[in-house]
$ cat input14.txt   # compact mmCIF, N, CA and C atoms
# COMPACT_ATOMS: atom_id res chain seq x y z
N SER R 1260 -2.40 10.08 2.86
CA SER R 1260 -2.68 9.15 1.78
C SER R 1260 -4.19 9.01 1.65
N SER R 1261 -4.68 8.99 0.44
CA SER R 1261 -6.12 8.93 0.24
C SER R 1261 -6.55 7.56 -0.24
N ALA R 1262 -7.80 7.25 -0.02
CA ALA R 1262 -8.34 5.94 -0.33
C ALA R 1262 -8.51 5.64 -1.81
N PRO R 1263 -8.79 6.62 -2.69
CA PRO R 1263 -9.08 6.28 -4.07
C PRO R 1263 -8.04 5.40 -4.75
N SER R 1264 -6.75 5.59 -4.47
CA SER R 1264 -5.72 4.76 -5.10
C SER R 1264 -5.82 3.30 -4.67
N LEU R 1265 -6.52 3.05 -3.57
CA LEU R 1265 -6.66 1.68 -3.09
C LEU R 1265 -7.75 0.90 -3.80
N ARG R 1266 -8.52 1.55 -4.63
CA ARG R 1266 -9.63 0.85 -5.29
C ARG R 1266 -9.15 -0.28 -6.19
N LEU R 1267 -7.89 -0.26 -6.56
CA LEU R 1267 -7.34 -1.34 -7.37
C LEU R 1267 -6.84 -2.49 -6.51
N LYS R 1268 -6.85 -2.30 -5.21
CA LYS R 1268 -6.38 -3.32 -4.28
C LYS R 1268 -7.51 -4.28 -3.93
N THR R 1269 -7.15 -5.36 -3.29
CA THR R 1269 -8.15 -6.33 -2.86
C THR R 1269 -8.85 -5.83 -1.60
N PRO R 1270 -10.06 -6.34 -1.34
CA PRO R 1270 -10.73 -5.98 -0.09
C PRO R 1270 -9.89 -6.31 1.15
N GLU R 1271 -9.12 -7.39 1.08
CA GLU R 1271 -8.28 -7.76 2.22
C GLU R 1271 -7.28 -6.66 2.54
N VAL R 1272 -6.66 -6.11 1.51
CA VAL R 1272 -5.68 -5.04 1.69
C VAL R 1272 -6.38 -3.78 2.20
N GLU R 1273 -7.56 -3.49 1.65
CA GLU R 1273 -8.29 -2.30 2.08
C GLU R 1273 -8.71 -2.39 3.54
N VAL R 1274 -9.08 -3.58 4.01
CA VAL R 1274 -9.45 -3.75 5.41
C VAL R 1274 -8.25 -3.45 6.31
N ILE R 1275 -7.09 -3.95 5.95
CA ILE R 1275 -5.88 -3.66 6.72
C ILE R 1275 -5.61 -2.16 6.70
N TRP R 1276 -5.81 -1.54 5.55
CA TRP R 1276 -5.58 -0.10 5.41
C TRP R 1276 -6.52 0.69 6.31
N ILE R 1277 -7.81 0.32 6.35
CA ILE R 1277 -8.75 1.08 7.19
C ILE R 1277 -8.43 0.89 8.67
N GLN R 1278 -7.97 -0.30 9.03
CA GLN R 1278 -7.58 -0.53 10.43
C GLN R 1278 -6.39 0.35 10.79
N ALA R 1279 -5.43 0.47 9.88
CA ALA R 1279 -4.27 1.32 10.14
C ALA R 1279 -4.68 2.78 10.21
N GLN R 1280 -5.55 3.20 9.30
CA GLN R 1280 -5.99 4.60 9.30
C GLN R 1280 -6.72 4.95 10.59
N GLU R 1281 -7.55 4.03 11.09
CA GLU R 1281 -8.24 4.28 12.35
C GLU R 1281 -7.23 4.44 13.47
N ARG R 1282 -6.24 3.58 13.52
CA ARG R 1282 -5.23 3.65 14.58
C ARG R 1282 -4.44 4.96 14.52
N LEU R 1283 -4.24 5.46 13.31
CA LEU R 1283 -3.49 6.70 13.12
C LEU R 1283 -4.35 7.95 13.34
N GLY R 1284 -5.65 7.73 13.55
CA GLY R 1284 -6.54 8.86 13.76
C GLY R 1284 -7.09 9.48 12.49
N ASN R 1285 -6.88 8.82 11.37
CA ASN R 1285 -7.40 9.30 10.09
C ASN R 1285 -8.81 8.75 9.88
N TYR R 1286 -9.72 9.22 10.72
CA TYR R 1286 -11.07 8.66 10.77
C TYR R 1286 -11.86 8.85 9.49
N ALA R 1287 -11.76 10.01 8.87
CA ALA R 1287 -12.55 10.27 7.67
C ALA R 1287 -12.18 9.29 6.56
N ALA R 1288 -10.90 9.07 6.36
CA ALA R 1288 -10.46 8.14 5.32
C ALA R 1288 -10.88 6.71 5.64
N ALA R 1289 -10.70 6.32 6.90
CA ALA R 1289 -11.08 4.97 7.31
C ALA R 1289 -12.58 4.76 7.17
N GLN R 1290 -13.36 5.74 7.60
CA GLN R 1290 -14.81 5.63 7.53
C GLN R 1290 -15.30 5.56 6.09
N GLN R 1291 -14.77 6.42 5.25
CA GLN R 1291 -15.18 6.45 3.84
C GLN R 1291 -14.91 5.10 3.16
N THR R 1292 -13.74 4.55 3.39
CA THR R 1292 -13.39 3.28 2.76
C THR R 1292 -14.19 2.13 3.35
N ALA R 1293 -14.39 2.13 4.67
CA ALA R 1293 -15.19 1.07 5.30
C ALA R 1293 -16.62 1.09 4.78
N GLU R 1294 -17.19 2.27 4.67
CA GLU R 1294 -18.57 2.37 4.17
C GLU R 1294 -18.66 1.91 2.72
N ARG R 1295 -17.64 2.23 1.92
CA ARG R 1295 -17.64 1.77 0.53
C ARG R 1295 -17.54 0.25 0.46
N LEU R 1296 -16.68 -0.33 1.29
CA LEU R 1296 -16.56 -1.79 1.31
C LEU R 1296 -17.87 -2.45 1.74
N LEU R 1297 -18.57 -1.84 2.68
CA LEU R 1297 -19.85 -2.40 3.13
C LEU R 1297 -20.91 -2.34 2.03
N ARG R 1298 -20.80 -1.39 1.11
CA ARG R 1298 -21.74 -1.31 -0.01
C ARG R 1298 -21.41 -2.28 -1.13
N SER R 1299 -20.18 -2.78 -1.14
CA SER R 1299 -19.73 -3.67 -2.21
C SER R 1299 -20.31 -5.07 -2.04
N LYS R 1300 -20.71 -5.65 -3.14
CA LYS R 1300 -21.25 -7.01 -3.11
C LYS R 1300 -20.16 -8.07 -2.99
N THR R 1301 -18.92 -7.68 -3.22
CA THR R 1301 -17.82 -8.65 -3.18
C THR R 1301 -17.12 -8.73 -1.82
N THR R 1302 -17.51 -7.90 -0.87
CA THR R 1302 -16.89 -7.91 0.46
C THR R 1302 -17.40 -9.11 1.25
N SER R 1303 -16.49 -9.90 1.77
CA SER R 1303 -16.85 -11.11 2.51
C SER R 1303 -17.42 -10.76 3.89
N PRO R 1304 -18.12 -11.71 4.52
CA PRO R 1304 -18.62 -11.48 5.88
C PRO R 1304 -17.51 -11.12 6.88
N THR R 1305 -16.36 -11.76 6.79
CA THR R 1305 -15.25 -11.45 7.69
C THR R 1305 -14.78 -10.02 7.47
N GLN R 1306 -14.67 -9.61 6.23
CA GLN R 1306 -14.26 -8.24 5.92
C GLN R 1306 -15.31 -7.23 6.38
N ARG R 1307 -16.58 -7.58 6.22
CA ARG R 1307 -17.66 -6.71 6.69
C ARG R 1307 -17.59 -6.55 8.20
N SER R 1308 -17.28 -7.64 8.88
CA SER R 1308 -17.14 -7.59 10.34
C SER R 1308 -16.03 -6.62 10.73
N SER R 1309 -14.92 -6.69 10.04
CA SER R 1309 -13.80 -5.78 10.32
C SER R 1309 -14.19 -4.33 10.07
N CYS R 1310 -14.90 -4.09 8.97
CA CYS R 1310 -15.34 -2.72 8.65
C CYS R 1310 -16.27 -2.18 9.73
N GLU R 1311 -17.23 -2.99 10.15
CA GLU R 1311 -18.17 -2.55 11.18
C GLU R 1311 -17.45 -2.29 12.50
N PHE R 1312 -16.47 -3.13 12.81
CA PHE R 1312 -15.72 -2.94 14.05
C PHE R 1312 -14.95 -1.61 14.02
N VAL R 1313 -14.31 -1.31 12.90
CA VAL R 1313 -13.59 -0.04 12.77
C VAL R 1313 -14.56 1.13 12.88
N LEU R 1314 -15.72 1.02 12.24
CA LEU R 1314 -16.72 2.09 12.35
C LEU R 1314 -17.17 2.25 13.80
N GLY R 1315 -17.25 1.15 14.54
CA GLY R 1315 -17.58 1.21 15.95
C GLY R 1315 -16.51 1.93 16.77
N LEU R 1316 -15.25 1.63 16.48
CA LEU R 1316 -14.15 2.31 17.18
C LEU R 1316 -14.19 3.82 16.92
N ILE R 1317 -14.45 4.18 15.68
CA ILE R 1317 -14.50 5.60 15.33
C ILE R 1317 -15.66 6.28 16.05
N ALA R 1318 -16.83 5.65 16.02
CA ALA R 1318 -18.00 6.22 16.70
C ALA R 1318 -17.74 6.34 18.21
N TRP R 1319 -17.13 5.33 18.80
CA TRP R 1319 -16.84 5.36 20.23
C TRP R 1319 -15.91 6.51 20.58
N ASP R 1320 -14.89 6.69 19.76
CA ASP R 1320 -13.93 7.77 20.01
C ASP R 1320 -14.58 9.14 19.86
N ARG R 1321 -15.63 9.22 19.08
CA ARG R 1321 -16.36 10.47 18.88
C ARG R 1321 -17.51 10.62 19.88
N ALA R 1322 -17.50 9.79 20.91
CA ALA R 1322 -18.51 9.82 21.99
C ALA R 1322 -19.91 9.53 21.48
N ARG R 1323 -20.02 8.70 20.48
CA ARG R 1323 -21.32 8.25 19.96
C ARG R 1323 -21.52 6.79 20.36
N SER R 1324 -21.79 6.58 21.64
CA SER R 1324 -21.81 5.23 22.18
C SER R 1324 -22.90 4.35 21.56
N ARG R 1325 -24.08 4.87 21.36
CA ARG R 1325 -25.15 4.05 20.76
C ARG R 1325 -24.79 3.62 19.35
N GLU R 1326 -24.25 4.55 18.58
CA GLU R 1326 -23.82 4.24 17.21
C GLU R 1326 -22.70 3.20 17.24
N ALA R 1327 -21.77 3.36 18.17
CA ALA R 1327 -20.67 2.42 18.30
C ALA R 1327 -21.19 1.02 18.63
N LEU R 1328 -22.09 0.93 19.58
CA LEU R 1328 -22.64 -0.38 19.95
C LEU R 1328 -23.39 -1.03 18.80
N ALA R 1329 -24.09 -0.23 18.00
CA ALA R 1329 -24.77 -0.78 16.83
C ALA R 1329 -23.76 -1.36 15.84
N HIS R 1330 -22.65 -0.66 15.63
CA HIS R 1330 -21.60 -1.18 14.72
C HIS R 1330 -20.97 -2.44 15.30
N TYR R 1331 -20.73 -2.46 16.62
CA TYR R 1331 -20.13 -3.65 17.23
C TYR R 1331 -21.07 -4.85 17.09
N GLN R 1332 -22.37 -4.62 17.25
CA GLN R 1332 -23.34 -5.72 17.10
C GLN R 1332 -23.33 -6.25 15.66
N LYS R 1333 -23.28 -5.34 14.69
CA LYS R 1333 -23.20 -5.76 13.29
C LYS R 1333 -21.91 -6.54 13.04
N ALA R 1334 -20.82 -6.09 13.66
CA ALA R 1334 -19.54 -6.80 13.49
C ALA R 1334 -19.64 -8.23 14.00
N VAL R 1335 -20.28 -8.41 15.15
CA VAL R 1335 -20.46 -9.75 15.71
C VAL R 1335 -21.36 -10.59 14.81
N ASN R 1336 -22.43 -9.99 14.31
CA ASN R 1336 -23.34 -10.73 13.42
C ASN R 1336 -22.64 -11.19 12.15
N TRP R 1337 -21.82 -10.31 11.56
CA TRP R 1337 -21.07 -10.71 10.37
C TRP R 1337 -20.06 -11.80 10.72
N ALA R 1338 -19.43 -11.70 11.88
CA ALA R 1338 -18.46 -12.72 12.29
C ALA R 1338 -19.15 -14.07 12.46
N ARG R 1339 -20.35 -14.06 13.01
CA ARG R 1339 -21.11 -15.31 13.15
C ARG R 1339 -21.41 -15.92 11.79
N GLN R 1340 -21.79 -15.09 10.84
CA GLN R 1340 -22.09 -15.59 9.49
C GLN R 1340 -20.86 -16.20 8.83
N SER R 1341 -19.70 -15.64 9.14
CA SER R 1341 -18.47 -16.16 8.54
C SER R 1341 -17.91 -17.33 9.34
N GLU R 1342 -18.51 -17.60 10.50
CA GLU R 1342 -18.03 -18.64 11.41
C GLU R 1342 -16.60 -18.36 11.87
N ASP R 1343 -16.25 -17.09 11.95
CA ASP R 1343 -14.93 -16.65 12.40
C ASP R 1343 -14.99 -16.46 13.91
N LEU R 1344 -14.60 -17.47 14.66
CA LEU R 1344 -14.71 -17.43 16.10
C LEU R 1344 -13.86 -16.34 16.73
N SER R 1345 -12.71 -16.05 16.16
CA SER R 1345 -11.83 -15.03 16.75
C SER R 1345 -12.48 -13.65 16.67
N ARG R 1346 -13.29 -13.38 15.64
CA ARG R 1346 -13.93 -12.09 15.48
C ARG R 1346 -15.15 -11.96 16.37
N GLN R 1347 -15.67 -13.07 16.88
CA GLN R 1347 -16.86 -13.03 17.71
C GLN R 1347 -16.55 -12.65 19.15
N CYS R 1348 -15.29 -12.73 19.54
CA CYS R 1348 -14.90 -12.46 20.93
C CYS R 1348 -14.72 -11.00 21.20

$ encode --input "input14.txt" --output "structure tokens"
Amino acid sequence: SSAPSLRLKTPEVEVIWIQAQERLGNYAAAQQTAERLLRSKTTSPTQRSSCEFVLGLIAWDRARSREALAHYQKAVNWARQSEDLSRQC
């Protein structure tokens, strides 16, 4: 399944989709959609946190530990901005 058909969906649905794609090992699709959501002005801080976290998981699995840690730090920073305590842990 490709991401373009999801452009009509809400960011909330797309975040769930990228999380599922990461879990299924469809890294290219998850990464492409996460990066697009991060460029969007309508993506909330909580959604940005989720996108950065997924990008961190993908980087970690690809043995890019520094890149992964940078994404995890961004995920925490976005979670702090959203005051989402569960995402900060």

$ atom_distance --input "input14.txt" --atom1 "atom C of Asp1320 in chain R" --atom2 "CA of Ala1338 in chain R"
23.5 Å

$ residues_around --input "input14.txt" --residues "Val1313 in chain R" --least-positions-apart "4" --cutoff "8 Å" --atoms "all atoms listed in the file" --output "list in words"
Ile1277, Gln1278, Glu1281, Ala1289, Gln1290, Ala1293, Arg1307, Ser1308, Ser1309, Ile1317, Ala1318, Trp1319, His1330, Tyr1331 and Ala1334 of chain R

$ closest_residue --input "input14.txt" --among "R:Leu1316, R:Ala1287, R:Thr1305, R:Ser1324" --to "Trp1337 in chain R" --atoms "only C-alpha atoms"
R:Thr1305

$ select_by_dssp --input "input14.txt" --residues "chain R" --states "alpha helix (DSSP H)" --output "VMD selection string"
chain R and resid 1270 to 1283 1286 to 1298 1304 to 1320 1324 to 1341 1344 to 1347

$ atom_distance --input "input14.txt" --atom1 "atom N of Gly1315 in chain R" --atom2 "atom N of Leu1328 in chain R"
7.0 Å

$ atom_distance --input "input14.txt" --atom1 "CA of Ala1327 in chain R" --atom2 "atom N of Phe1312 in chain R"
8.9 Å

$ closest_residue --input "input14.txt" --among "R:Pro1304, R:Arg1298, R:Leu1283, R:Ala1322" --to "Gln1340 in chain R" --atoms "only N, CA and C atoms"
R:Pro1304

$ axis_aligned_box --input "input14.txt" --around "range 1326-1342 of chain R" --padding-each-side "3 Å" --output "lines of an AutoDock Vina configuration file"
center_x = -20.7
center_y = -7.0
center_z = 14.2
size_x = 14.2
size_y = 29.2
size_z = 17.4

$ residues_near_point --input "input14.txt" --point "(-20.0, 1.8, 8.9)" --cutoff "6 Å" --atoms "all atoms listed in the file" --output "CSV table (one decimal) with N, CA and C atoms, keeping the file's coordinate frame"
chain,number,residue,atom,x,y,z
R,1293,ALA,N,-14.4,2.1,4.7
R,1293,ALA,CA,-15.2,1.1,5.3
R,1293,ALA,C,-16.6,1.1,4.8
R,1294,GLU,N,-17.2,2.3,4.7
R,1294,GLU,CA,-18.6,2.4,4.2
R,1294,GLU,C,-18.7,1.9,2.7
R,1310,CYS,N,-14.9,-4.1,9.0
R,1310,CYS,CA,-15.3,-2.7,8.6
R,1310,CYS,C,-16.3,-2.2,9.7
R,1311,GLU,N,-17.2,-3.0,10.2
R,1311,GLU,CA,-18.2,-2.6,11.2
R,1311,GLU,C,-17.4,-2.3,12.5
R,1314,LEU,N,-15.7,1.0,12.2
R,1314,LEU,CA,-16.7,2.1,12.4
R,1314,LEU,C,-17.2,2.2,13.8
